[in-house]
Structure formats: C-alpha cells, structure tokens
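Source file: upload-v4.cif. Holds: mmCIF, C-alpha atoms.
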data_final
#
loop_
_atom_site.label_atom_id
_atom_site.label_comp_id
_atom_site.auth_asym_id
_atom_site.auth_seq_id
_atom_site.Cartn_x
_atom_site.Cartn_y
_atom_site.Cartn_z
CA MET T 235 -28.21 -6.16 21.13
CA THR T 236 -25.53 -6.21 18.43
CA LEU T 237 -25.06 -2.97 16.60
CA LEU T 238 -24.81 -3.21 12.84
CA PRO T 239 -21.66 -1.69 11.33
CA ALA T 240 -21.84 1.94 10.24
CA ALA T 241 -23.32 2.37 6.78
CA SER T 242 -20.28 4.10 5.35
CA TYR T 243 -18.09 1.16 6.31
CA VAL T 244 -20.37 -1.28 4.49
CA ALA T 245 -20.51 1.14 1.54
CA THR T 246 -16.71 1.13 1.24
CA LEU T 247 -16.72 -2.67 1.48
CA GLN T 248 -19.28 -2.77 -1.32
CA ASP T 249 -17.14 -0.46 -3.44
CA ALA T 250 -14.08 -2.63 -2.78
CA LEU T 251 -16.17 -5.69 -3.68
CA ALA T 252 -17.26 -4.08 -6.96
CA ALA T 253 -13.59 -3.36 -7.70
CA GLU T 254 -12.64 -6.95 -6.88
CA HIS T 255 -15.35 -8.31 -9.19
CA ALA T 256 -13.79 -6.24 -11.97
CA SER T 257 -10.27 -7.35 -10.96
CA VAL T 258 -11.20 -11.03 -11.12
CA TYR T 259 -12.72 -10.46 -14.55
CA ALA T 260 -9.68 -8.55 -15.79
CA TYR T 261 -7.14 -11.07 -14.55
CA GLY T 262 -9.22 -13.90 -16.03
CA ALA T 263 -9.19 -12.08 -19.37
CA LEU T 264 -5.43 -11.52 -19.13
CA ALA T 265 -4.72 -15.14 -18.28
CA GLY T 266 -6.91 -16.17 -21.22
CA ARG T 267 -5.11 -13.98 -23.71
CA LEU T 268 -1.50 -14.38 -22.67
CA ALA T 269 0.68 -17.16 -24.04
CA THR T 270 0.12 -20.44 -22.24
CA SER T 271 2.58 -21.04 -19.37
CA SER T 272 4.40 -17.78 -20.05
CA PRO T 273 5.64 -15.93 -16.94
CA ALA T 274 3.06 -13.20 -17.59
CA GLN T 275 0.25 -15.74 -17.81
CA GLU T 276 1.35 -17.34 -14.57
CA ARG T 277 1.45 -13.95 -12.92
CA ALA T 278 -2.05 -13.24 -14.24
CA ALA T 279 -3.27 -16.59 -12.92
CA ASP T 280 -1.81 -15.74 -9.50
CA GLY T 281 -3.49 -12.35 -9.60
CA TYR T 282 -6.77 -14.01 -10.53
CA ARG T 283 -6.59 -16.41 -7.57
CA GLU T 284 -5.55 -13.74 -5.10
CA HIS T 285 -8.29 -11.31 -6.14
CA LEU T 286 -10.81 -14.15 -6.12
CA GLU T 287 -9.93 -14.80 -2.48
CA ARG T 288 -10.30 -11.13 -1.58
CA ARG T 289 -13.60 -10.97 -3.45
CA ASP T 290 -14.98 -13.96 -1.56
CA ALA T 291 -13.82 -12.54 1.76
CA LEU T 292 -15.54 -9.24 0.96
CA ILE T 293 -18.74 -11.04 -0.01
CA ALA T 294 -18.68 -12.77 3.37
CA GLN T 295 -18.00 -9.51 5.23
CA VAL T 296 -20.77 -7.61 3.46
CA ALA T 297 -23.23 -10.47 3.98
CA GLY T 298 -22.14 -10.69 7.63
CA SER T 299 -23.05 -7.04 8.10
CA GLY T 300 -26.60 -7.79 6.95
CA ALA T 301 -26.30 -6.16 3.51
CA VAL T 302 -26.68 -7.81 0.12
CA PRO T 303 -23.23 -8.12 -1.53
CA THR T 304 -22.87 -6.12 -4.75
CA PRO T 305 -23.12 -8.61 -7.61
CA ALA T 306 -20.61 -8.78 -10.45
CA GLU T 307 -21.44 -7.16 -13.77
CA PRO T 308 -21.87 -9.67 -16.60
CA ALA T 309 -18.79 -8.20 -18.30
CA TYR T 310 -16.34 -5.32 -17.92
CA ALA T 311 -14.84 -3.24 -20.68
CA ILE T 312 -11.07 -3.50 -20.86
CA PRO T 313 -10.14 -0.56 -23.09
CA VAL T 314 -6.54 -1.70 -23.52
CA ARG T 315 -6.18 -4.29 -26.26
CA ILE T 316 -4.27 -7.17 -24.73
CA THR T 317 -1.70 -8.20 -27.27
CA GLY T 318 1.11 -9.33 -25.00
CA PRO T 319 2.84 -8.91 -21.65
CA SER T 320 3.21 -5.14 -21.85
CA SER T 321 -0.43 -4.34 -22.60
CA ALA T 322 -1.41 -6.94 -19.99
CA ALA T 323 0.84 -5.20 -17.48
CA ARG T 324 -0.92 -1.91 -18.16
CA VAL T 325 -4.29 -3.45 -17.35
CA ALA T 326 -2.94 -5.20 -14.26
CA ARG T 327 -1.40 -1.98 -12.94
CA GLN T 328 -4.75 -0.23 -13.28
CA VAL T 329 -6.43 -3.08 -11.43
CA GLU T 330 -3.95 -2.91 -8.55
CA ASP T 331 -3.98 0.89 -8.33
CA ARG T 332 -7.76 0.88 -8.23
CA CYS T 333 -8.01 -1.80 -5.57
CA ALA T 334 -5.41 -0.08 -3.39
CA VAL T 335 -7.51 3.10 -3.42
CA HIS T 336 -10.58 1.13 -2.34
CA TYR T 337 -8.80 -0.65 0.49
CA ALA T 338 -7.41 2.67 1.68
CA ALA T 339 -11.00 3.94 1.79
CA VAL T 340 -12.06 0.90 3.84
CA VAL T 341 -9.23 1.50 6.35
CA ALA T 342 -10.29 5.14 6.75
CA VAL T 343 -13.83 4.29 7.88
CA ALA T 344 -13.35 0.90 9.56
CA GLU T 345 -13.24 0.45 13.30
CA ALA T 346 -9.65 -0.14 14.44
CA LYS T 347 -10.18 -3.89 14.93
CA GLN T 348 -11.73 -4.27 11.46
CA ARG T 349 -8.79 -2.77 9.58
CA ALA T 350 -6.51 -5.81 9.33
CA PHE T 351 -8.10 -7.33 6.24
CA ALA T 352 -8.05 -4.13 4.20
CA LEU T 353 -4.49 -3.29 5.28
CA ASP T 354 -3.32 -6.70 4.20
CA ALA T 355 -5.16 -6.54 0.87
CA TRP T 356 -3.82 -3.01 0.29
CA THR T 357 -0.22 -4.14 0.76
CA ASP T 358 -0.81 -7.07 -1.59
CA CYS T 359 -2.05 -4.69 -4.30
CA ALA T 360 0.96 -2.42 -3.80
CA THR T 361 3.47 -5.26 -4.06
CA ARG T 362 1.69 -7.15 -6.86
CA LEU T 363 1.87 -3.91 -8.85
CA LEU T 364 5.67 -4.21 -8.87
CA GLY T 365 5.44 -7.58 -10.62
CA TRP T 366 3.75 -5.76 -13.51
CA ASP T 367 6.55 -3.19 -13.86
CA GLY T 368 4.75 -0.80 -11.56
CA ARG T 369 6.77 1.76 -9.66
CA ALA T 370 7.01 1.97 -5.90
CA THR T 371 5.47 5.16 -4.56
CA ALA T 372 5.55 6.99 -1.24
CA LEU T 373 1.86 6.56 -0.45
CA PRO T 374 0.32 3.82 -2.61
CA GLY T 375 -3.47 4.04 -2.64
CA LEU T 376 -3.49 7.71 -1.62
CA GLU T 377 -1.84 9.13 -4.71
CA GLN T 378 -3.45 9.59 -8.07
CA PRO T 379 -2.05 6.73 -10.15
CA MET J 200 -9.31 1.76 -17.61
CA LEU J 201 -11.76 -0.74 -16.21
CA ARG J 202 -15.04 0.96 -15.93
CA THR J 203 -18.36 0.24 -14.39
CA THR J 204 -20.72 2.74 -12.91
CA THR J 205 -20.35 1.10 -9.51
CA MET J 206 -16.59 1.33 -9.64
CA MET J 207 -16.64 4.91 -10.80
CA ALA J 208 -18.93 5.84 -7.93
CA GLY J 209 -16.45 4.40 -5.49
CA ALA J 210 -13.41 5.88 -7.14
CA VAL J 211 -13.34 9.07 -5.15
CA ALA J 212 -10.56 11.38 -6.20
CA LEU J 213 -7.99 10.96 -3.50
CA THR J 214 -5.26 13.44 -3.14
CA LEU J 215 -2.91 14.01 -0.31
CA THR J 216 -1.05 17.22 0.09
CA GLY J 217 2.39 15.75 0.13
CA CYS J 218 4.20 18.13 2.39
CA SER J 219 1.52 18.95 4.91
CA SER J 220 1.57 17.19 8.20
CA ILE J 221 -0.82 14.42 9.14
CA GLU J 222 -2.05 16.56 12.02
CA SER J 223 -4.45 18.27 9.64
CA GLY J 224 -6.11 14.88 9.25
CA LEU J 225 -6.53 14.51 12.97
CA GLY J 226 -8.79 17.48 13.36
CA PRO J 227 -10.89 18.11 16.44
CA SER J 228 -14.05 17.15 14.50
CA GLU J 229 -13.22 13.56 15.25
CA GLU J 230 -14.63 13.14 18.72
CA THR J 231 -14.22 9.98 20.69
CA PRO J 232 -16.79 8.59 23.13
CA SER J 233 -14.97 10.29 25.98
CA GLY J 234 -15.37 13.61 24.18
CA ARG J 235 -11.63 14.11 23.75
CA PRO J 236 -10.43 14.81 20.25
CA ALA J 237 -8.77 11.88 18.51
CA GLU J 238 -5.77 14.11 17.90
CA ASN J 239 -4.71 13.81 21.52
CA LEU J 240 -5.36 10.09 21.72
CA ASP J 241 -3.23 9.37 18.64
CA GLU J 242 -0.43 11.73 19.65
CA PRO J 243 1.79 9.07 21.32
CA LEU J 244 1.33 6.77 18.32
CA LEU J 245 2.13 9.59 15.92
CA ARG J 246 5.27 10.53 17.85
CA ALA J 247 6.52 6.93 18.00
CA ALA J 248 5.78 6.30 14.31
CA ARG J 249 7.55 9.52 13.35
CA ALA J 250 10.64 8.63 15.38
CA ASP J 251 10.72 5.14 13.89
CA GLN J 252 10.41 6.47 10.35
CA GLN J 253 13.26 8.90 11.07
CA ARG J 254 15.31 5.92 12.21
CA VAL J 255 14.52 4.04 8.98
CA LEU J 256 15.49 7.08 6.93
CA ALA J 257 18.75 7.34 8.88
CA ILE J 258 19.60 3.71 8.10
CA CYS J 259 18.95 4.30 4.38
CA LEU J 260 21.13 7.42 4.41
CA ALA J 261 23.92 5.59 6.20
CA VAL J 262 23.86 2.81 3.59
CA LEU J 263 23.93 5.36 0.78
CA ARG J 264 26.88 7.19 2.41
CA SER J 265 28.84 3.95 2.66
CA HIS J 266 27.77 2.69 -0.78
CA PRO J 267 27.28 5.60 -3.16
CA ARG J 268 27.12 3.16 -6.07
CA LEU J 269 23.75 2.00 -4.75
CA ALA J 270 22.33 5.48 -5.40
CA GLU J 271 20.16 4.40 -8.29
CA ASP J 272 18.41 1.81 -6.13
CA LEU J 273 18.28 3.85 -2.94
CA GLU J 274 17.39 7.37 -4.03
CA PRO J 275 13.70 6.69 -4.79
CA VAL J 276 13.39 4.78 -1.52
CA ILE J 277 15.01 7.64 0.41
CA SER J 278 12.76 10.22 -1.21
CA HIS J 279 9.71 8.17 -0.13
CA HIS J 280 11.05 8.00 3.41
CA ARG J 281 11.55 11.75 3.53
CA LEU J 282 7.92 12.15 2.54
CA HIS J 283 6.85 9.62 5.18
CA VAL J 284 8.64 11.59 7.91
CA ARG J 285 7.18 14.89 6.71
CA THR J 286 3.72 13.37 6.42
CA LEU J 287 4.01 12.35 10.06
CA GLY J 288 4.83 15.93 10.97
CA GLY J 289 8.59 15.50 11.32
CA THR J 290 11.42 17.23 9.60
CA THR J 291 14.12 15.30 7.84
CA ALA J 292 16.71 17.54 9.50
CA ASP J 293 15.98 15.79 12.83
CA THR J 294 17.24 12.55 11.34
CA PRO J 295 19.83 11.04 13.66
CA ARG J 296 23.25 10.64 12.06
CA ARG J 297 26.28 8.61 13.07
CA ARG J 298 25.04 5.29 11.81
CA THR J 299 27.23 2.72 10.22
CA ALA J 300 26.32 0.34 7.42
CA PRO J 301 27.55 -3.16 6.58
CA ARG J 302 30.69 -3.00 4.46
CA LYS J 303 29.47 -5.35 1.76
CA PRO J 304 26.85 -3.75 -0.51
CA VAL J 305 24.75 -6.94 -0.63
CA ALA J 306 24.72 -7.15 3.16
CA ALA J 307 23.81 -3.46 3.41
CA VAL J 308 20.88 -3.85 1.00
CA ALA J 309 19.75 -7.00 2.80
CA LEU J 310 19.74 -5.06 6.08
CA LEU J 311 17.63 -2.37 4.43
CA ALA J 312 15.18 -4.91 3.04
CA GLU J 313 14.78 -6.33 6.53
CA THR J 314 14.37 -2.85 8.02
CA GLU J 315 11.67 -1.97 5.46
CA SER J 316 9.84 -5.19 6.08
CA THR J 317 9.78 -4.66 9.84
CA ALA J 318 8.75 -1.02 9.49
CA ALA J 319 5.94 -2.04 7.10
CA ALA J 320 4.62 -4.49 9.68
CA ASP J 321 4.98 -1.95 12.49
CA ARG J 322 3.07 0.79 10.64
CA ALA J 323 0.30 -1.70 9.77
CA LYS J 324 0.11 -2.55 13.47
CA ASP J 325 -0.06 1.17 14.29
CA ALA J 326 -2.85 1.54 11.73
CA MET J 327 -4.86 -1.05 13.64
CA GLU J 328 -4.43 0.92 16.86
CA ALA J 329 -5.03 4.46 15.62
CA VAL J 330 -8.21 6.14 16.84
CA SER J 331 -8.52 8.34 13.77
CA GLY J 332 -9.45 6.57 10.54
CA ASP J 333 -7.63 9.20 8.48
CA PHE J 334 -4.46 8.65 10.48
CA ALA J 335 -4.86 4.87 10.04
CA ARG J 336 -5.11 5.42 6.29
CA VAL J 337 -1.86 7.39 6.19
CA LEU J 338 -0.13 4.73 8.29
CA GLY J 339 -1.49 2.07 5.94
CA ALA J 340 -0.06 3.89 2.92
CA ILE J 341 3.34 4.22 4.59
CA SER J 342 3.20 0.52 5.42
CA ALA J 343 2.33 -0.43 1.82
CA SER J 344 5.13 1.76 0.48
CA GLN J 345 7.67 0.07 2.73
CA ALA J 346 6.37 -3.35 1.71
CA GLN J 347 7.13 -2.30 -1.87
CA HIS J 348 10.63 -1.24 -0.84
CA ALA J 349 11.23 -4.60 0.82
CA VAL J 350 10.28 -6.43 -2.39
CA LEU J 351 12.48 -4.22 -4.57
CA LEU J 352 15.47 -4.39 -2.23
CA ARG J 353 15.20 -8.17 -1.94
CA ALA J 354 15.30 -8.28 -5.74
CA VAL J 355 18.51 -6.20 -5.65
CA VAL J 356 20.00 -8.63 -3.13
CA ALA J 357 19.01 -11.60 -5.31
CA ALA J 358 20.50 -10.01 -8.46
CA ARG J 359 23.75 -9.03 -6.73
CA GLY J 360 23.94 -12.23 -4.76
CA ASN J 361 23.99 -14.11 -8.07
CA GLY J 362 26.97 -12.14 -9.20
CA ALA J 363 24.98 -10.12 -11.73
CA ALA J 364 26.58 -6.94 -10.47
CA PRO J 365 29.64 -6.11 -8.36
#

Representation of the structure as structure tokens:
Amino acid sequence: MTLLPAASYVATLQDALAAEHASVYAYGALAGRLATSSPAQERAADGYREHLERRDALIAQVAGSGAVPTPAEPAYAIPVRITGPSSAARVARQVEDRCAVHYAAVVAVAEAKQRAFALDAWTDCATRLLGWDGRATALPGLEQP
Amino acid sequence: MLRTTTMMAGAVALTLTGCSSIESGLGPSEETPSGRPAENLDEPLLRAARADQQRVLAICLAVLRSHPRLAEDLEPVISHHRLHVRTLGGTTADTPRRRTAPRKPVAAVALLAETESTAAADRAKDAMEAVSGDFARVLGAISASQAQHAVLLRAVVAARGNGAAP
C-alpha cells in the first residue's frame, strides 16, 4: 500500500500553487504593460515563463498526491500602478518575495527526498529578485520582506 | 501587494530570530521513527555546514583584507555570512585566519563568486539530507542567500572585467 503524503505537505504545495497562479498573472500583466522589447519587458516575459513552469509542476505534484490542485482566480488585484520599469520592479519583487516564503514553507514540511523542487524554485526566486533591483539578504524567504 | 484570500492564508508571518542558534529549531519534539530526537541525527550535518560556512566567511575576509577597495561590494556579503555562521550555532570568532587572496581584485572576486556558488549547492544538498524540516529550511535560506551572492559577485567581475572600474 502506498501512503499518501502528509496533509500539511500538500497544503503547503497548494499555497505555493496559489502564489504561482498569482505570479503568472502578475508577470503577464507586467509584460503587457511594459514597452515592447524593452529589457524590463523581456525580464517580465522570462519571469512569466519561469513561474508558469513552476505552476505546472506544482499542479502535477498536487494532482499526483491525490488532491485537486487549487485553481487560479479569474483576476488578481495589483495595487501598484504599472507605469514603467520601476513600478514593474516593485510588483516583481513582491512576487518573488512571496514565492520564496512559500517554497521555504514547502521545504520545512517536505520529506527529505521531496525537497529538491522547492529548494530549486526558492533559489530562483531569490536570484530573480536581484534582476528587479532587489537586495540580497542573509536568509531570503525567512525574513519579512 | 498581490492579494487573494488563498494567498493571504498561506502567507504565514515568518520571522527568524537572527542571532539565536538553529539548535532551537531542532527541538526534541521532532522524533524520528527510531525514537531518537532529530537534533542528534542532524548534529554531524550541522557541524559540517557550520565549519564550511566559517571557511566561506574566512575567504571573504581574506579578500577584503587584501582588497579594501572592494569593501562596498563585500561588506553586505560578509555580514550575511556572519549571520549564517551564527544561525548555525557558530561564533564568528572561530573563523580561521591566515588565508591569502588572489592579488588581482577581479580574480579575487571571481574566486568568491565560485566559492559562493559551490557553498550554495552544498547547503542545498545538506537541506535534502537533513532530518529536521526546520533545519532544512534554514539550510535552504543560506543556500538561496549564497546563490544571490554568486550572481552579484559575477556581475562585479563582468563590470570590472570590461574595464568599467580599476
């Protein structure tokens, strides 16, 4: 008999998935509002693709555990008005900070052999943040952004 | 802020008492199947990670001693490393000295970038071996921080390598 993963692990995956749905939406919005082919728009497009991949991987993991993956909301409020690269960067930094916190939570409850994905995604968030003028910190994902 | 009720529910306030040792996170409540506390099982990993982070800090300090003009780039990195060592229960006074650094600033920063990158990978590997989830989380954060350092230091190398700075 195969044991199903502990509920709290699936719950943290679902939370990370909800965050990734929002990230995909936010990066899509950024890419749509930034100047065509500008460096910021290209960075937003990269962020969109990378979060999309993480989102799909999380959907597969949640479904694989026997749970129903959290669906995306129809829309997400982005309280910062995106008028250019600097307001876009503010949104992107929030996205990355938020995702890092969620992946840290996944690592904390995952079985040792299940941690690789979240560790990898966590590092990606921490380094992508730097591309949006984010600052390096001692413990990304554990500190209050 | 991006906000949905689902996201807010998951956004648990996470704080880490910066100066306290990780050992508080490896409490005896975390029992393993054998009944031994996870604290004991992770002890060798903790000791090795601490020693390695002290070594990384020592390399950074050696580079700063040889190249004081790199202070602006290195000081934040060094302060993170001090916190990493303390978080792993070490003291920064134990840091081994007597290290030399490459004479050329660019080469010294490139060495640091490489060191950070390797340490980031090593702590991620440790995080996959830790028994305690809380310990794994701390190791993951240290790994992510060092991945950030590697990116920033490589950017310094690229800028200096292009003759943008002496």

Using all atoms listed in the file, find which residues of chain T lie within 7 Å of chain J and jot them down as number ranges by chain.
T: 249, 252-253, 310-313, 328, 338, 341-344, 346-347, 349-350, 353, 356-357, 360-361, 370-378

Please indicate the distance in Å from CA of Leu247 in chain T to CA of Leu363 in chain T, rounded to one decimal place.
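Going from CA of Leu247 in chain T over to CA of Leu363 in chain T covers 21.3 Å.
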
Nearest to Arg268 in chain J by atom-to-atom distance, counting all atoms listed in the file, from J:Val308, J:Gly289, J:Arg298, J:Ala318:
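Answer, going by the shortest atom-to-atom distance: J:Val308.
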
In file coordinates, which residues lie within 10 Å of (-4.3, -13.7, -9.6) using only C-alpha atoms, given as an MDAnalysis selection string?
chainID T and resid 257:258 260:262 264:265 275:287 326 362

CA of Ser321 in chain T and CA of Ala339 in chain T are how many Å apart?
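A separation of 27.8 Å between them.
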
Determine the residue set returned by the PyMOL selection byres ((chain J and resi 249) around 8) for the present structure, and present it as a PDB file with C-alpha atoms, keeping the file's coordinate frame.
ATOM      1  CA  LEU J 245       2.130   9.590  15.920  1.00  0.00           C
ATOM      2  CA  ARG J 246       5.270  10.530  17.850  1.00  0.00           C
ATOM      3  CA  ALA J 247       6.520   6.930  18.000  1.00  0.00           C
ATOM      4  CA  ALA J 248       5.780   6.300  14.310  1.00  0.00           C
ATOM      5  CA  ALA J 250      10.640   8.630  15.380  1.00  0.00           C
ATOM      6  CA  ASP J 251      10.720   5.140  13.890  1.00  0.00           C
ATOM      7  CA  GLN J 252      10.410   6.470  10.350  1.00  0.00           C
ATOM      8  CA  GLN J 253      13.260   8.900  11.070  1.00  0.00           C
ATOM      9  CA  VAL J 284       8.640  11.590   7.910  1.00  0.00           C
ATOM     10  CA  LEU J 287       4.010  12.350  10.060  1.00  0.00           C
ATOM     11  CA  GLY J 288       4.830  15.930  10.970  1.00  0.00           C
ATOM     12  CA  GLY J 289       8.590  15.500  11.320  1.00  0.00           C
TER      13      GLY J 289
END

Ground truth for the PyMOL selection byres ((chain T and resi 292) around 8), written as a list in words:
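Selection result, ordered by chain and number: Leu247, Gln248, Ala250, Leu251, Arg288, Arg289, Asp290, Ala291, Ile293, Ala294, Gln295 and Val296 of chain T.
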
Name the residues that the PyMOL selection byres ((chain T and resi 327) around 9) pulls out of this structure, and write them as a list in words.
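Applied to this file, the PyMOL selection byres ((chain T and resi 327) around 9) selects Ala322, Ala323, Arg324, Val325, Ala326, Gln328, Val329, Glu330, Asp331, Arg332, Arg362, Leu363, Leu364, Trp366, Asp367 and Gly368 of chain T.
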
Write out the residues from the selection above, keeping C-alpha atoms, as a CSV table (one decimal), in the coordinates of the input.
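Below is the file that was written, again36.csv:
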chain,number,residue,atom,x,y,z
T,322,ALA,CA,-1.4,-6.9,-20.0
T,323,ALA,CA,0.8,-5.2,-17.5
T,324,ARG,CA,-0.9,-1.9,-18.2
T,325,VAL,CA,-4.3,-3.4,-17.4
T,326,ALA,CA,-2.9,-5.2,-14.3
T,328,GLN,CA,-4.8,-0.2,-13.3
T,329,VAL,CA,-6.4,-3.1,-11.4
T,330,GLU,CA,-4.0,-2.9,-8.6
T,331,ASP,CA,-4.0,0.9,-8.3
T,332,ARG,CA,-7.8,0.9,-8.2
T,362,ARG,CA,1.7,-7.2,-6.9
T,363,LEU,CA,1.9,-3.9,-8.8
T,364,LEU,CA,5.7,-4.2,-8.9
T,366,TRP,CA,3.8,-5.8,-13.5
T,367,ASP,CA,6.6,-3.2,-13.9
T,368,GLY,CA,4.8,-0.8,-11.6

From the list J:Ala357, J:Ala292, J:Ala307, J:Leu240, which residue is nearest Val262 in chain J when using only C-alpha atoms?
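Result for the nearest residue to Val262 in chain J: J:Ala307.
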
Figure out the distance between CA of Arg322 in chain J and CA of Asp241 in chain J, please, to one decimal in Å.
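Here the two named atoms are 13.3 Å from each other.
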
Surrounding residues of Ala300 in chain J excluding itself and chain neighbours under 4 positions, 10 Å, only C-alpha atoms, as a list in words:
Ile258, Cys259, Leu260, Ala261, Val262, Leu263, Arg264, Ser265, His266, Pro304, Ala306, Ala307, Val308, Leu310 and Leu311 of chain J

Output file for the residues above (C-alpha atoms, as an mmCIF file, in the coordinates of the input):
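Contents of the output file again.cif:
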data_model
loop_
_atom_site.group_PDB
_atom_site.id
_atom_site.type_symbol
_atom_site.label_atom_id
_atom_site.label_comp_id
_atom_site.auth_asym_id
_atom_site.auth_seq_id
_atom_site.Cartn_x
_atom_site.Cartn_y
_atom_site.Cartn_z
ATOM 1 C CA ILE J 258 19.600 3.710 8.100
ATOM 2 C CA CYS J 259 18.950 4.300 4.380
ATOM 3 C CA LEU J 260 21.130 7.420 4.410
ATOM 4 C CA ALA J 261 23.920 5.590 6.200
ATOM 5 C CA VAL J 262 23.860 2.810 3.590
ATOM 6 C CA LEU J 263 23.930 5.360 0.780
ATOM 7 C CA ARG J 264 26.880 7.190 2.410
ATOM 8 C CA SER J 265 28.840 3.950 2.660
ATOM 9 C CA HIS J 266 27.770 2.690 -0.780
ATOM 10 C CA PRO J 304 26.850 -3.750 -0.510
ATOM 11 C CA ALA J 306 24.720 -7.150 3.160
ATOM 12 C CA ALA J 307 23.810 -3.460 3.410
ATOM 13 C CA VAL J 308 20.880 -3.850 1.000
ATOM 14 C CA LEU J 310 19.740 -5.060 6.080
ATOM 15 C CA LEU J 311 17.630 -2.370 4.430
#

Give the padded box for range 329-345 of chain T as lines of an AutoDock Vina configuration file: axis-aligned, covering all atoms listed in the file, 6 Å on each side, centre and edge lengths in Å to one decimal.
center_x = -8.9
center_y = 1.0
center_z = 0.9
size_x = 21.9
size_y = 20.2
size_z = 36.7
